[in-house]
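my_file02.pdb follows (PDB, C-alpha atoms, pLDDT in the B column):
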ATOM      1  CA  MET A  13      17.923   0.830 -19.104  1.00 91.00           C
ATOM      2  CA  ALA A  14      18.775   1.253 -15.427  1.00 90.00           C
ATOM      3  CA  THR A  15      16.257   4.092 -15.131  1.00 93.00           C
ATOM      4  CA  PHE A  16      13.535   1.877 -16.578  1.00 94.00           C
ATOM      5  CA  ILE A  17      14.341  -0.949 -14.156  1.00 95.00           C
ATOM      6  CA  ARG A  18      14.388   1.495 -11.218  1.00 95.00           C
ATOM      7  CA  ALA A  19      11.009   2.855 -12.280  1.00 95.00           C
ATOM      8  CA  ILE A  20       9.485  -0.625 -12.543  1.00 96.00           C
ATOM      9  CA  PHE A  21      10.971  -1.556  -9.173  1.00 96.00           C
ATOM     10  CA  SER A  22       9.595   1.586  -7.524  1.00 97.00           C
ATOM     11  CA  VAL A  23       6.133   0.882  -8.963  1.00 97.00           C
ATOM     12  CA  LEU A  24       6.285  -2.618  -7.486  1.00 97.00           C
ATOM     13  CA  VAL A  25       7.359  -1.193  -4.118  1.00 97.00           C
ATOM     14  CA  ALA A  26       4.490   1.311  -4.264  1.00 97.00           C
ATOM     15  CA  LEU A  27       2.034  -1.500  -5.044  1.00 97.00           C
ATOM     16  CA  ALA A  28       3.381  -3.582  -2.169  1.00 97.00           C
ATOM     17  CA  ALA A  29       3.141  -0.594   0.175  1.00 97.00           C
ATOM     18  CA  PHE A  30      -0.475  -0.069  -0.891  1.00 97.00           C
ATOM     19  CA  VAL A  31      -1.456  -3.685  -0.301  1.00 96.00           C
ATOM     20  CA  VAL A  32       0.342  -4.027   3.024  1.00 96.00           C
ATOM     21  CA  SER A  33      -0.880  -0.742   4.490  1.00 95.00           C
ATOM     22  CA  PHE A  34      -4.450  -1.423   3.340  1.00 93.00           C
ATOM     23  CA  LEU A  35      -4.466  -4.885   4.891  1.00 93.00           C
ATOM     24  CA  VAL A  36      -2.905  -3.615   8.124  1.00 93.00           C
ATOM     25  CA  ILE A  37      -5.861  -1.261   8.525  1.00 89.00           C
ATOM     26  CA  PHE A  38      -8.656  -3.289   6.938  1.00 86.00           C
ATOM     27  CA  VAL A  39      -8.234  -6.714   8.539  1.00 84.00           C
ATOM     28  CA  PRO A  40      -8.273  -5.657  12.210  1.00 85.00           C
ATOM     29  CA  MET A  41     -11.188  -3.303  11.614  1.00 82.00           C
ATOM     30  CA  LEU A  42     -13.010  -6.082   9.766  1.00 78.00           C
ATOM     31  CA  PHE A  43     -12.720  -8.317  12.800  1.00 78.00           C
ATOM     32  CA  LEU A  44     -13.801  -5.507  15.124  1.00 76.00           C
ATOM     33  CA  ASP A  45     -16.837  -4.587  12.996  1.00 70.00           C
ATOM     34  CA  MET A  46     -18.092  -8.099  12.248  1.00 68.00           C
ATOM     35  CA  HIS A  47     -20.301  -8.352  15.301  1.00 66.00           C
ATOM     36  CA  TYR A  48     -22.155  -5.145  14.387  1.00 63.00           C
ATOM     37  CA  ALA A  49     -23.631  -6.507  11.159  1.00 58.00           C
ATOM     38  CA  PRO A  50     -22.839 -10.199  10.793  1.00 59.00           C
ATOM     39  CA  HIS A  51     -25.616 -11.074   8.319  1.00 60.00           C
ATOM     40  CA  ASP A  52     -25.975  -8.161   5.913  1.00 60.00           C
ATOM     41  CA  GLY A  53     -22.356  -8.084   4.742  1.00 59.00           C
ATOM     42  CA  GLN A  54     -21.633  -4.545   5.901  1.00 60.00           C
ATOM     43  CA  GLY A  55     -19.088  -5.440   8.562  1.00 57.00           C
ATOM     44  CA  GLY A  56     -15.677  -3.970   7.811  1.00 57.00           C
ATOM     45  CA  MET A  57     -16.752  -1.058   5.657  1.00 71.00           C
ATOM     46  CA  SER A  58     -15.132   1.426   8.022  1.00 74.00           C
ATOM     47  CA  GLY A  59     -11.805  -0.316   7.496  1.00 76.00           C
ATOM     48  CA  PHE A  60     -12.298  -0.034   3.758  1.00 80.00           C
ATOM     49  CA  PHE A  61     -13.101   3.669   3.826  1.00 85.00           C
ATOM     50  CA  ILE A  62     -10.149   4.428   6.093  1.00 88.00           C
ATOM     51  CA  GLY A  63      -7.771   1.939   4.456  1.00 88.00           C
ATOM     52  CA  ILE A  64      -8.010   3.202   0.884  1.00 92.00           C
ATOM     53  CA  PRO A  65      -6.859   6.810   1.546  1.00 93.00           C
ATOM     54  CA  VAL A  66      -4.115   5.727   3.942  1.00 93.00           C
ATOM     55  CA  ALA A  67      -2.871   3.067   1.523  1.00 95.00           C
ATOM     56  CA  THR A  68      -2.920   5.580  -1.337  1.00 96.00           C
ATOM     57  CA  ILE A  69      -0.840   8.047   0.650  1.00 96.00           C
ATOM     58  CA  ALA A  70       1.583   5.285   1.631  1.00 96.00           C
ATOM     59  CA  SER A  71       2.048   4.203  -1.984  1.00 96.00           C
ATOM     60  CA  LEU A  72       2.436   7.786  -3.215  1.00 97.00           C
ATOM     61  CA  VAL A  73       5.216   8.277  -0.668  1.00 97.00           C
ATOM     62  CA  ALA A  74       6.909   4.880  -1.029  1.00 97.00           C
ATOM     63  CA  GLY A  75       7.190   4.845  -4.824  1.00 96.00           C
ATOM     64  CA  PRO A  76       9.147   8.071  -5.366  1.00 96.00           C
ATOM     65  CA  LEU A  77      11.236   7.522  -2.229  1.00 96.00           C
ATOM     66  CA  CYS A  78      12.242   4.083  -3.486  1.00 96.00           C
ATOM     67  CA  TYR A  79      13.184   5.531  -6.867  1.00 95.00           C
ATOM     68  CA  VAL A  80      15.284   8.298  -5.306  1.00 96.00           C
ATOM     69  CA  HIS A  81      16.967   5.815  -2.972  1.00 95.00           C
ATOM     70  CA  ALA A  82      17.735   3.437  -5.844  1.00 94.00           C
ATOM     71  CA  LYS A  83      19.151   6.288  -7.912  1.00 94.00           C
ATOM     72  CA  ARG A  84      21.391   7.534  -5.097  1.00 95.00           C
ATOM     73  CA  LYS A  85      22.674   4.031  -4.304  1.00 94.00           C
ATOM     74  CA  LYS A  86      23.116   3.343  -8.052  1.00 91.00           C
ATOM     75  CA  TRP A  87      21.045   0.177  -8.004  1.00 89.00           C
ATOM     76  CA  PHE A  88      20.715  -1.710 -11.292  1.00 86.00           C
ATOM     77  CA  ALA A  89      23.549   0.279 -12.836  1.00 82.00           C
TER
END

Mind turning the file's structure into structure tokens?
Amino acid sequence: MATFIRAIFSVLVALAAFVVSFLVIFVPMLFLDMHYAPHDGQGGMSGFFIGIPVATIASLVAGPLCYVHAKRKKWFA
């Protein structure tokens, strides 16, 4: 049961890492790119195309590391 809870917790940490790292990249670039194309809705696309791969890498690193850390510290045991 503890392994299942650790796995769920690490998935939640990976999801949070994805969202936070994506927003950290996307929002500032959205504000920087808005004046280039304010009316056609294309402002901020560079932040999207850079944010998705970086956020994916962050979540792929954070999830397993959280699981290993929780297992070593015997969380939820």

* To do: Apply the PyMOL selection byres ((chain A and resi 83-85) around 12) to the structure shown and report the selected residues as a PyMOL selection string.
  => chain A and resi 14-19+21-22+76-82+86-89

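Here CA of Leu27 in chain A stands at a distance of 6.5 Å from CA of Ser71 in chain A.
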
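Distance annotation: of A:Val73, A:Val23, A:Ile62, A:Met57, the residue with the minimal separation from Val36 in chain A is A:Ile62; atom set is all atoms listed in the file.
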
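One finds CA of Val32 in chain A at 11.0 Å from CA of Thr68 in chain A.
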
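Going from CA of Ile20 in chain A over to CA of Ile69 in chain A, you cover 18.9 Å.
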